[in-house]
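Visitor: Supplied structure: run.pdb, PDB, C-alpha atoms.
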ATOM      1  CA  MET A  76     257.695 220.214 124.612
ATOM      2  CA  GLU A  77     254.344 220.893 126.257
ATOM      3  CA  GLN A  78     251.400 219.695 124.216
ATOM      4  CA  GLU A  79     249.596 222.621 122.576
ATOM      5  CA  ARG A  80     246.023 222.978 123.774
ATOM      6  CA  ILE A  81     243.096 223.732 121.473
ATOM      7  CA  ALA A  82     239.513 224.591 122.452
ATOM      8  CA  ILE A  83     236.688 223.874 120.017
ATOM      9  CA  LEU A  84     233.422 225.598 120.897
ATOM     10  CA  GLY A  85     230.533 223.625 119.461
ATOM     11  CA  ALA A  86     230.161 219.845 119.333
ATOM     12  CA  GLY A  87     228.039 219.647 116.205
ATOM     13  CA  SER A  88     229.168 217.679 113.170
ATOM     14  CA  TRP A  89     231.675 220.339 112.091
ATOM     15  CA  GLY A  90     233.164 220.924 115.538
ATOM     16  CA  SER A  91     233.435 217.170 116.085
ATOM     17  CA  ALA A  92     235.116 216.664 112.696
ATOM     18  CA  LEU A  93     237.659 219.357 113.557
ATOM     19  CA  ALA A  94     238.250 217.709 116.950
ATOM     20  CA  TYR A  95     238.877 214.408 115.170
ATOM     21  CA  LEU A  96     241.296 216.058 112.727
ATOM     22  CA  ILE A  97     243.262 218.152 115.228
ATOM     23  CA  GLY A  98     243.217 215.536 117.966
ATOM     24  CA  GLY A  99     244.598 213.060 115.461
ATOM     25  CA  LYS A 100     247.667 215.289 115.114
ATOM     26  CA  GLY A 101     248.387 214.939 118.823
ATOM     27  CA  TYR A 102     247.015 218.234 120.098
ATOM     28  CA  HIS A 103     245.139 218.315 123.402
ATOM     29  CA  VAL A 104     241.605 219.237 122.233
ATOM     30  CA  ALA A 105     238.870 220.412 124.603
ATOM     31  CA  LEU A 106     235.557 219.925 122.790
ATOM     32  CA  TRP A 107     232.986 222.184 124.447
ATOM     33  CA  ASP A 108     229.219 222.271 124.128
ATOM     34  CA  ARG A 109     226.533 223.707 126.399
ATOM     35  CA  ASP A 110     224.496 220.496 125.908
ATOM     36  CA  SER A 111     225.754 218.565 128.939
ATOM     37  CA  GLU A 112     223.845 215.411 127.952
ATOM     38  CA  LEU A 113     225.598 215.355 124.595
ATOM     39  CA  ILE A 114     228.957 215.900 126.268
ATOM     40  CA  GLU A 115     228.356 212.998 128.644
ATOM     41  CA  ALA A 116     227.381 210.777 125.725
ATOM     42  CA  ILE A 117     230.590 211.705 123.868
ATOM     43  CA  LYS A 118     232.632 210.937 126.985
ATOM     44  CA  ALA A 119     230.953 207.561 127.398
ATOM     45  CA  GLN A 120     231.163 206.481 123.767
ATOM     46  CA  GLY A 121     234.331 208.189 122.545
ATOM     47  CA  ARG A 122     232.407 209.588 119.578
ATOM     48  CA  ASN A 123     229.565 211.993 118.913
ATOM     49  CA  PRO A 124     226.468 209.747 118.750
ATOM     50  CA  LYS A 125     224.178 212.563 117.612
ATOM     51  CA  TYR A 126     226.138 214.295 114.875
ATOM     52  CA  LEU A 127     229.103 212.136 113.845
ATOM     53  CA  PRO A 128     228.369 208.628 115.133
ATOM     54  CA  ASN A 129     230.856 206.711 112.983
ATOM     55  CA  THR A 130     233.950 208.717 113.901
ATOM     56  CA  PRO A 131     236.013 207.805 116.977
ATOM     57  CA  LEU A 132     237.448 210.970 118.497
ATOM     58  CA  GLY A 133     240.527 209.496 120.134
ATOM     59  CA  GLU A 134     242.263 209.888 123.463
ATOM     60  CA  THR A 135     243.475 213.446 122.841
ATOM     61  CA  VAL A 136     239.911 214.850 122.633
ATOM     62  CA  PHE A 137     238.379 215.852 125.974
ATOM     63  CA  PRO A 138     234.650 216.711 125.904
ATOM     64  CA  THR A 139     233.502 219.286 128.453
ATOM     65  CA  ALA A 140     230.487 221.432 129.257
ATOM     66  CA  SER A 141     232.657 223.862 131.249
ATOM     67  CA  MET A 142     233.642 226.938 129.252
ATOM     68  CA  LYS A 143     236.389 227.800 131.735
ATOM     69  CA  GLU A 144     237.890 224.330 131.513
ATOM     70  CA  ALA A 145     237.886 224.471 127.726
ATOM     71  CA  VAL A 146     239.213 227.975 127.137
ATOM     72  CA  HIS A 147     241.384 229.170 130.025
ATOM     73  CA  ASP A 148     244.708 227.673 128.860
ATOM     74  CA  ALA A 149     244.016 227.166 125.140
ATOM     75  CA  GLN A 150     246.457 228.543 122.575
ATOM     76  CA  TRP A 151     243.719 228.409 119.929
ATOM     77  CA  VAL A 152     239.982 228.848 120.445
ATOM     78  CA  ILE A 153     237.973 227.605 117.468
ATOM     79  CA  VAL A 154     234.392 228.877 117.229
ATOM     80  CA  ALA A 155     232.331 226.190 115.461
ATOM     81  CA  VAL A 156     228.754 227.019 116.424
ATOM     82  CA  ALA A 157     225.854 228.115 114.244
ATOM     83  CA  SER A 158     226.142 231.776 113.335
ATOM     84  CA  ASP A 159     223.122 232.763 115.424
ATOM     85  CA  GLY A 160     224.936 231.462 118.521
ATOM     86  CA  VAL A 161     228.232 233.261 117.996
ATOM     87  CA  ARG A 162     227.531 236.315 120.136
ATOM     88  CA  ALA A 163     226.385 234.310 123.165
ATOM     89  CA  VAL A 164     229.181 231.731 122.980
ATOM     90  CA  VAL A 165     232.018 234.209 122.401
ATOM     91  CA  SER A 166     230.684 236.457 125.178
ATOM     92  CA  ASP A 167     230.790 233.484 127.555
ATOM     93  CA  ALA A 168     234.298 232.533 126.439
ATOM     94  CA  ALA A 169     235.742 236.044 126.611
ATOM     95  CA  GLU A 170     236.356 236.151 130.358
ATOM     96  CA  PHE A 171     238.488 232.984 130.204
ATOM     97  CA  LEU A 172     240.451 233.808 127.043
ATOM     98  CA  HIS A 173     244.238 233.715 127.497
ATOM     99  CA  PRO A 174     245.991 236.927 126.325
ATOM    100  CA  ARG A 175     248.226 234.871 124.002
ATOM    101  CA  ALA A 176     245.344 232.843 122.540
ATOM    102  CA  SER A 177     244.343 233.115 118.902
ATOM    103  CA  VAL A 178     240.723 232.786 117.775
ATOM    104  CA  LEU A 179     239.649 230.910 114.652
ATOM    105  CA  SER A 180     236.119 231.288 113.311
ATOM    106  CA  ALA A 181     234.944 228.089 111.622
ATOM    107  CA  CYS A 182     231.401 229.418 111.114
ATOM    108  CA  LYS A 183     229.847 229.856 107.663
ATOM    109  CA  GLY A 184     227.011 232.279 108.119
ATOM    110  CA  LEU A 185     226.071 235.934 108.453
ATOM    111  CA  GLU A 186     224.052 237.624 111.171
ATOM    112  CA  ALA A 187     220.549 237.820 109.699
ATOM    113  CA  ASP A 188     219.526 241.320 110.824
ATOM    114  CA  THR A 189     222.855 243.104 110.350
ATOM    115  CA  GLY A 190     224.724 241.190 107.635
ATOM    116  CA  PHE A 191     227.791 241.114 109.890
ATOM    117  CA  THR A 192     230.308 238.355 109.341
ATOM    118  CA  THR A 193     231.376 236.179 112.243
ATOM    119  CA  SER A 194     234.786 237.844 112.468
ATOM    120  CA  GLU A 195     233.118 241.259 112.682
ATOM    121  CA  GLN A 196     230.971 240.017 115.551
ATOM    122  CA  ILE A 197     233.944 238.439 117.336
ATOM    123  CA  SER A 198     236.146 241.518 116.867
ATOM    124  CA  THR A 199     233.459 243.685 118.430
ATOM    125  CA  LEU A 200     232.882 241.316 121.347
ATOM    126  CA  LEU A 201     236.610 241.064 122.093
ATOM    127  CA  SER A 202     237.470 244.712 121.457
ATOM    128  CA  ASP A 203     238.413 245.283 125.115
ATOM    129  CA  ILE A 204     239.996 241.866 125.706
ATOM    130  CA  PRO A 205     243.649 241.065 124.953
ATOM    131  CA  TYR A 206     244.213 238.135 122.605
ATOM    132  CA  ALA A 207     246.782 237.233 119.953
ATOM    133  CA  GLY A 208     244.736 237.479 116.777
ATOM    134  CA  LEU A 209     241.820 236.310 114.679
ATOM    135  CA  ALA A 210     241.507 234.078 111.622
ATOM    136  CA  VAL A 211     238.636 232.546 109.660
ATOM    137  CA  LEU A 212     238.300 229.101 108.084
ATOM    138  CA  SER A 213     236.234 228.274 105.003
ATOM    139  CA  GLY A 214     236.189 225.906 102.053
ATOM    140  CA  PRO A 215     234.569 222.781 100.592
ATOM    141  CA  ASN A 216     234.687 220.880 103.869
ATOM    142  CA  LEU A 217     231.730 218.544 104.381
ATOM    143  CA  ALA A 218     232.178 217.228 107.913
ATOM    144  CA  VAL A 219     231.403 213.586 107.145
ATOM    145  CA  GLU A 220     233.930 213.441 104.309
ATOM    146  CA  LEU A 221     236.581 215.186 106.385
ATOM    147  CA  SER A 222     236.142 212.621 109.155
ATOM    148  CA  ARG A 223     236.568 209.815 106.610
ATOM    149  CA  GLY A 224     239.957 211.117 105.523
ATOM    150  CA  VAL A 225     238.755 212.068 102.049
ATOM    151  CA  PRO A 226     241.359 214.368 100.390
ATOM    152  CA  THR A 227     240.139 217.873 101.219
ATOM    153  CA  ALA A 228     241.388 221.450 100.890
ATOM    154  CA  THR A 229     240.473 224.617 102.754
ATOM    155  CA  VAL A 230     241.600 228.202 103.287
ATOM    156  CA  VAL A 231     242.372 230.175 106.431
ATOM    157  CA  ALA A 232     242.394 233.956 106.223
ATOM    158  CA  SER A 233     243.693 236.604 108.579
ATOM    159  CA  TYR A 234     244.805 240.210 108.301
ATOM    160  CA  ASP A 235     247.921 238.997 110.137
ATOM    161  CA  PRO A 236     249.814 236.499 107.920
ATOM    162  CA  GLN A 237     251.521 235.022 110.969
ATOM    163  CA  ILE A 238     248.165 234.117 112.522
ATOM    164  CA  ALA A 239     247.054 232.548 109.231
ATOM    165  CA  ARG A 240     250.222 230.462 109.081
ATOM    166  CA  GLY A 241     249.690 229.363 112.672
ATOM    167  CA  ALA A 242     246.193 228.120 111.818
ATOM    168  CA  GLN A 243     247.565 226.444 108.717
ATOM    169  CA  GLU A 244     250.146 224.565 110.783
ATOM    170  CA  MET A 245     247.537 223.481 113.330
ATOM    171  CA  LEU A 246     245.086 222.148 110.743
ATOM    172  CA  MET A 247     247.096 220.790 107.835
ATOM    173  CA  THR A 248     247.749 217.060 107.586
ATOM    174  CA  GLU A 249     250.200 215.258 105.347
ATOM    175  CA  ARG A 250     247.746 213.499 103.040
ATOM    176  CA  SER A 251     244.097 214.315 103.699
ATOM    177  CA  PHE A 252     243.706 218.017 104.611
ATOM    178  CA  ARG A 253     245.505 220.675 102.602
ATOM    179  CA  VAL A 254     245.294 224.227 103.980
ATOM    180  CA  TYR A 255     245.952 227.435 102.056
ATOM    181  CA  THR A 256     246.340 230.937 103.525
ATOM    182  CA  ASN A 257     244.792 234.215 102.427
ATOM    183  CA  THR A 258     244.623 237.791 103.709
ATOM    184  CA  ASP A 259     241.153 238.546 102.278
ATOM    185  CA  VAL A 260     239.149 237.892 105.435
ATOM    186  CA  LYS A 261     236.003 239.556 104.104
ATOM    187  CA  GLY A 262     236.015 237.657 100.835
ATOM    188  CA  VAL A 263     236.685 234.285 102.445
ATOM    189  CA  GLU A 264     233.885 234.745 104.983
ATOM    190  CA  LEU A 265     231.337 236.037 102.496
ATOM    191  CA  GLY A 266     232.093 233.258 100.024
ATOM    192  CA  GLY A 267     231.661 230.617 102.712
ATOM    193  CA  ALA A 268     228.407 232.150 103.926
ATOM    194  CA  LEU A 269     226.695 233.217 100.705
ATOM    195  CA  LYS A 270     227.275 229.931  98.897
ATOM    196  CA  ASN A 271     224.943 228.329 101.475
ATOM    197  CA  VAL A 272     222.067 230.366 100.055
ATOM    198  CA  LEU A 273     222.956 229.221  96.534
ATOM    199  CA  ALA A 274     223.155 225.626  97.774
ATOM    200  CA  ILE A 275     219.523 225.969  98.854
ATOM    201  CA  GLY A 276     218.827 227.131  95.309
ATOM    202  CA  GLY A 277     220.592 224.058  93.957
ATOM    203  CA  GLY A 278     218.358 221.843  96.065
ATOM    204  CA  ILE A 279     215.269 223.697  94.864
ATOM    205  CA  SER A 280     216.311 223.222  91.229
ATOM    206  CA  ASP A 281     216.896 219.501  91.645
ATOM    207  CA  GLY A 282     213.763 219.096  93.742
ATOM    208  CA  LEU A 283     211.642 220.642  91.005
ATOM    209  CA  GLY A 284     213.094 218.165  88.514
ATOM    210  CA  PHE A 285     214.930 220.698  86.358
ATOM    211  CA  GLY A 286     218.004 219.611  84.445
ATOM    212  CA  ASP A 287     221.686 220.466  84.424
ATOM    213  CA  ASN A 288     221.105 223.548  82.265
ATOM    214  CA  THR A 289     218.899 225.122  84.923
ATOM    215  CA  LYS A 290     221.221 224.379  87.785
ATOM    216  CA  ALA A 291     224.299 225.592  85.907
ATOM    217  CA  ALA A 292     222.542 228.861  85.079
ATOM    218  CA  LEU A 293     221.361 229.320  88.656
ATOM    219  CA  MET A 294     224.790 228.652  90.160
ATOM    220  CA  SER A 295     226.782 230.732  87.682
ATOM    221  CA  ARG A 296     224.424 233.704  87.917
ATOM    222  CA  GLY A 297     224.453 233.344  91.687
ATOM    223  CA  LEU A 298     228.249 233.277  91.692
ATOM    224  CA  ILE A 299     228.319 236.568  89.775
ATOM    225  CA  GLU A 300     225.965 238.131  92.327
ATOM    226  CA  MET A 301     228.018 236.726  95.198
ATOM    227  CA  THR A 302     231.215 238.181  93.707
ATOM    228  CA  GLN A 303     229.709 241.590  92.983
ATOM    229  CA  LEU A 304     228.261 241.808  96.476
ATOM    230  CA  GLY A 305     231.521 240.598  98.032
ATOM    231  CA  VAL A 306     233.607 243.155  96.148
ATOM    232  CA  ALA A 307     231.198 245.939  97.118
ATOM    233  CA  THR A 308     231.699 245.054 100.793
ATOM    234  CA  GLY A 309     235.502 245.018 100.516
ATOM    235  CA  GLY A 310     236.376 241.501  99.361
ATOM    236  CA  LYS A 311     238.556 240.611  96.366
ATOM    237  CA  ALA A 312     236.966 239.178  93.233
ATOM    238  CA  LEU A 313     239.595 236.444  92.877
ATOM    239  CA  THR A 314     238.731 235.055  96.318
ATOM    240  CA  PHE A 315     235.279 234.063  95.081
ATOM    241  CA  LEU A 316     236.907 231.859  92.425
ATOM    242  CA  GLY A 317     238.847 230.048  95.144
ATOM    243  CA  LEU A 318     238.118 227.414  97.753
ATOM    244  CA  SER A 319     235.741 229.484  99.884
ATOM    245  CA  GLY A 320     233.720 230.634  96.885
ATOM    246  CA  VAL A 321     233.238 228.436  93.835
ATOM    247  CA  GLY A 322     235.006 225.522  95.572
ATOM    248  CA  ASP A 323     232.604 225.452  98.495
ATOM    249  CA  LEU A 324     229.681 226.081  96.154
ATOM    250  CA  MET A 325     230.560 222.994  94.103
ATOM    251  CA  ALA A 326     230.669 220.860  97.247
ATOM    252  CA  THR A 327     227.381 222.005  98.745
ATOM    253  CA  ALA A 328     225.072 222.815  95.832
ATOM    254  CA  GLY A 329     224.597 219.200  94.810
ATOM    255  CA  SER A 330     225.602 217.032  97.737
ATOM    256  CA  ARG A 331     223.017 215.269  99.852
ATOM    257  CA  LEU A 332     225.514 215.584 102.700
ATOM    258  CA  SER A 333     224.832 219.336 102.571
ATOM    259  CA  ARG A 334     222.133 220.532 104.955
ATOM    260  CA  ASN A 335     221.496 223.615 102.846
ATOM    261  CA  TYR A 336     220.988 221.539  99.698
ATOM    262  CA  ARG A 337     218.506 219.371 101.597
ATOM    263  CA  VAL A 338     216.640 222.501 102.710
ATOM    264  CA  GLY A 339     216.209 223.348  99.030
ATOM    265  CA  LEU A 340     214.933 219.864  98.241
ATOM    266  CA  GLY A 341     212.382 220.179 101.033
ATOM    267  CA  LEU A 342     211.203 223.594  99.838
ATOM    268  CA  ALA A 343     210.659 222.197  96.344
ATOM    269  CA  GLN A 344     208.425 219.572  97.955
ATOM    270  CA  ARG A 345     206.401 222.398  99.590
ATOM    271  CA  LYS A 346     207.596 221.585 103.090
ATOM    272  CA  SER A 347     207.893 224.414 105.595
ATOM    273  CA  VAL A 348     211.279 225.552 106.872
ATOM    274  CA  GLU A 349     210.318 224.368 110.354
ATOM    275  CA  GLU A 350     209.403 220.921 109.042
ATOM    276  CA  ILE A 351     212.671 220.637 107.124
ATOM    277  CA  LEU A 352     214.799 221.633 110.120
ATOM    278  CA  GLY A 353     212.921 219.127 112.249
ATOM    279  CA  GLU A 354     213.962 216.402 109.815
ATOM    280  CA  LEU A 355     217.585 217.589 109.701
ATOM    281  CA  HIS A 356     217.968 217.889 113.507
ATOM    282  CA  GLN A 357     220.561 220.596 112.793
ATOM    283  CA  SER A 358     220.651 224.195 111.644
ATOM    284  CA  ALA A 359     221.231 225.256 108.037
ATOM    285  CA  GLU A 360     223.192 228.493 107.760
ATOM    286  CA  GLY A 361     221.730 229.525 104.417
ATOM    287  CA  ILE A 362     218.310 230.218 105.944
ATOM    288  CA  ALA A 363     219.471 233.179 108.047
ATOM    289  CA  THR A 364     222.128 234.194 105.540
ATOM    290  CA  ALA A 365     219.453 234.641 102.863
ATOM    291  CA  ARG A 366     218.033 237.474 104.989
ATOM    292  CA  ALA A 367     221.503 238.893 105.578
ATOM    293  CA  ALA A 368     222.244 238.886 101.850
ATOM    294  CA  GLN A 369     219.233 241.141 101.292
ATOM    295  CA  VAL A 370     220.462 243.475 104.044
ATOM    296  CA  LEU A 371     223.845 243.736 102.314
ATOM    297  CA  SER A 372     222.277 244.106  98.864
ATOM    298  CA  ARG A 373     220.304 247.119 100.042
ATOM    299  CA  ARG A 374     223.202 248.583 102.014
ATOM    300  CA  TYR A 375     225.641 248.438  99.080
ATOM    301  CA  GLN A 376     223.030 248.876  96.309
ATOM    302  CA  VAL A 377     223.952 245.663  94.523
ATOM    303  CA  GLN A 378     221.210 243.858  92.612
ATOM    304  CA  THR A 379     221.004 240.174  93.599
ATOM    305  CA  PRO A 380     217.904 238.679  91.918
ATOM    306  CA  VAL A 381     218.946 235.048  92.464
ATOM    307  CA  PHE A 382     219.522 235.622  96.169
ATOM    308  CA  ALA A 383     216.276 237.606  96.378
ATOM    309  CA  ALA A 384     214.359 234.746  94.750
ATOM    310  CA  ILE A 385     215.733 232.173  97.190
ATOM    311  CA  ASN A 386     214.973 234.490 100.098
ATOM    312  CA  SER A 387     211.409 234.910  98.858
ATOM    313  CA  VAL A 388     210.878 231.150  98.971
ATOM    314  CA  LEU A 389     212.437 230.862 102.417
ATOM    315  CA  HIS A 390     210.884 233.863 104.121
ATOM    316  CA  GLU A 391     208.117 235.411 102.031
ATOM    317  CA  GLY A 392     205.876 232.476 101.209
ATOM    318  CA  VAL A 393     206.622 232.432  97.480
ATOM    319  CA  SER A 394     206.499 228.964  95.926
ATOM    320  CA  ALA A 395     209.725 227.628  94.415
ATOM    321  CA  ALA A 396     208.139 227.240  90.982
ATOM    322  CA  VAL A 397     206.920 230.853  90.946
ATOM    323  CA  ALA A 398     210.332 232.139  92.056
ATOM    324  CA  VAL A 399     212.021 230.336  89.153
ATOM    325  CA  GLU A 400     209.450 231.685  86.701
ATOM    326  CA  GLU A 401     210.029 235.239  87.923
ATOM    327  CA  LEU A 402     213.778 234.841  87.417
ATOM    328  CA  MET A 403     213.285 233.553  83.876
ATOM    329  CA  THR A 404     210.923 236.377  82.871
ATOM    330  CA  ARG A 405     213.106 239.275  84.026
ATOM    331  CA  ALA A 406     213.952 241.912  81.419
ATOM    332  CA  ALA A 407     216.841 241.156  79.048
ATOM    333  CA  ARG A 408     220.181 242.559  80.187
ATOM    334  CA  ASP A 409     223.961 242.466  79.749
ATOM    335  CA  GLU A 410     225.565 239.466  81.478
ATOM    336  CA  PHE A 411     227.765 241.439  83.873
ATOM    337  CA  ALA A 412     225.667 244.561  84.392
ATOM    338  CA  ASN A 413     224.495 245.283  87.937
TER     339      ASN A 413
END
Using the file provided, produce a representation of the structure as structure tokens.

Guide:
Amino acid sequence: MEQERIAILGAGSWGSALAYLIGGKGYHVALWDRDSELIEAIKAQGRNPKYLPNTPLGETVFPTASMKEAVHDAQWVIVAVASDGVRAVVSDAAEFLHPRASVLSACKGLEADTGFTTSEQISTLLSDIPYAGLAVLSGPNLAVELSRGVPTATVVASYDPQIARGAQEMLMTERSFRVYTNTDVKGVELGGALKNVLAIGGGISDGLGFGDNTKAALMSRGLIEMTQLGVATGGKALTFLGLSGVGDLMATAGSRLSRNYRVGLGLAQRKSVEEILGELHQSAEGIATARAAQVLSRRYQVQTPVFAAINSVLHEGVSAAVAVEELMTRAARDEFAN
């Protein structure tokens, strides 16, 4: 049988971890990135020296800076770039996409100005191009832990159950990576994106020296807001209690492996967003998604005071301490009122 070919667009830590996982199952994996110097370094060293230096990628992973080479004969095209790069990367890939190829979004962010999910962006970009189908991937999947073989679970969602099962078969391993399927594409994407904003809040809480009570209140109230907003946009409430919602939130809101959590720590120390990103050397999806959450809150008339407070620290110059005080002094209310 001919070896199935997979293209992964984006050679950051997440794209490289997926290449390690899928390549380890024997698939032919083309790992694409527009950074030709990075690609050459991966070729020379057999690992990603910038983002995942301790993980050998194996002989079935083929780094390339050529979009055509990566995509033209791939059965699956996995988009693993930062959300603000999705439109440009998918537009470049579209002309080489095979009509029988399926697309999997492995991004966890929303478009800042529109609030669009990645699948909504991809569907629009590929509206005139034949392809087999679209799925999304989300869950508590820290790249470093995944590459270490730590037992991990995730969820793939598609409106087409057959496409979801195909992604499940491609990704799932016998012992270390368990994959569930779902048909709630909207809920899975919003859970995976919005929890990044709450993870920044978790970092802020810890950075200010507050205790477990504070963080538990912040996360649980944020989860309610995330669920109410997700349901208003068409997601299912139960999805936000699953792997892409509370599961991913638990993994990222307190882990120093989480870039978004570290953004929160930096904000609590009065560092600027630019300074924090300079230290991380990578993007943090929650920064743009905080803006997008406010777009969606206004569009669907859902009150999201926790998300608004985090956004005010990120983008409006409000200090973290003042934002927490404003949350604590809001008028008394029913727990589940909106």

Visitor: Using all atoms listed in the file, which residue out of A:Leu304, A:Ala149, A:Leu269, A:Ala312 lies closest to Arg366 (chain A)?

Guide: A:Leu269

Visitor: Starting from the displayed file, determine the output of the PyMOL selection byres ((chain A and resi 348-358) around 8) and express the residue list as number ranges by chain.

Guide: A: 157, 334, 338, 341-342, 346-347, 359-360, 389

Visitor: Could you write out that same residue set with C-alpha atoms as an mmCIF file, in the coordinates of the input?

Guide:
data_model
loop_
_atom_site.group_PDB
_atom_site.id
_atom_site.type_symbol
_atom_site.label_atom_id
_atom_site.label_comp_id
_atom_site.auth_asym_id
_atom_site.auth_seq_id
_atom_site.Cartn_x
_atom_site.Cartn_y
_atom_site.Cartn_z
ATOM 1 C CA ALA A 157 225.854 228.115 114.244
ATOM 2 C CA ARG A 334 222.133 220.532 104.955
ATOM 3 C CA VAL A 338 216.640 222.501 102.710
ATOM 4 C CA GLY A 341 212.382 220.179 101.033
ATOM 5 C CA LEU A 342 211.203 223.594 99.838
ATOM 6 C CA LYS A 346 207.596 221.585 103.090
ATOM 7 C CA SER A 347 207.893 224.414 105.595
ATOM 8 C CA ALA A 359 221.231 225.256 108.037
ATOM 9 C CA GLU A 360 223.192 228.493 107.760
ATOM 10 C CA LEU A 389 212.437 230.862 102.417
#

Visitor: Could you tell me how far CA of Leu371 (chain A) lies from CA of Gly190 (chain A), in Å and to one decimal?

Guide: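 It comes out at 6.0 Å.
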
Visitor: What does the structure give for the distance between CA of Ala367 (chain A) and CA of Leu332 (chain A), in Å to one decimal?

Guide: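 Computed distance, CA of Ala367 (chain A) to CA of Leu332 (chain A), equals 23.8 Å.
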
Visitor: Please list, as a list of chain:residue names, the residues that have an atom at most 10 Å away from (241.0, 214.3, 108.4) in the coordinates of this file, counting only C-alpha atoms.

Guide: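 Returned residue set, sorted by chain then number, is A:Ala92, A:Leu93, A:Ala94, A:Tyr95, A:Leu96, A:Ile97, A:Gly98, A:Gly99, A:Lys100, A:Ala218, A:Val219, A:Glu220, A:Leu221, A:Ser222, A:Arg223, A:Gly224, A:Val225, A:Pro226, A:Thr227, A:Leu246, A:Met247, A:Thr248, A:Glu249, A:Arg250, A:Ser251, A:Phe252, A:Arg253.
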
Visitor: One number please: CA of Gly305 (chain A) to CA of Thr379 (chain A), in Å, one decimal.

Guide: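 Between CA of Gly305 (chain A) and CA of Thr379 (chain A) the gap is 11.4 Å.
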
Visitor: If the PyMOL selection byres ((chain A and resi 230) around 7) is run on the structure shown, which residues does it catch, given as a VMD selection string?

Guide: chain A and resid 212 to 214 229 231 to 232 254 to 257 318 to 319

Visitor: Check which residues satisfy the PyMOL selection byres ((chain A and resi 109) around 10) in the file shown, then give them as a list in words.

Guide: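 Given this file, the PyMOL selection byres ((chain A and resi 109) around 10) evaluates to Leu84, Gly85, Ala86, Trp107, Asp108, Asp110, Ser111, Glu112, Leu113, Ile114, Thr139, Ala140, Ser141, Met142 and Val164 of chain A.
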
Visitor: Counting only C-alpha atoms, which of A:Ser330, A:Thr258, A:Ser295, A:Asn288 gets nearest to Gly310 (chain A)?

Guide: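 Nearest to Gly310 (chain A): A:Thr258.
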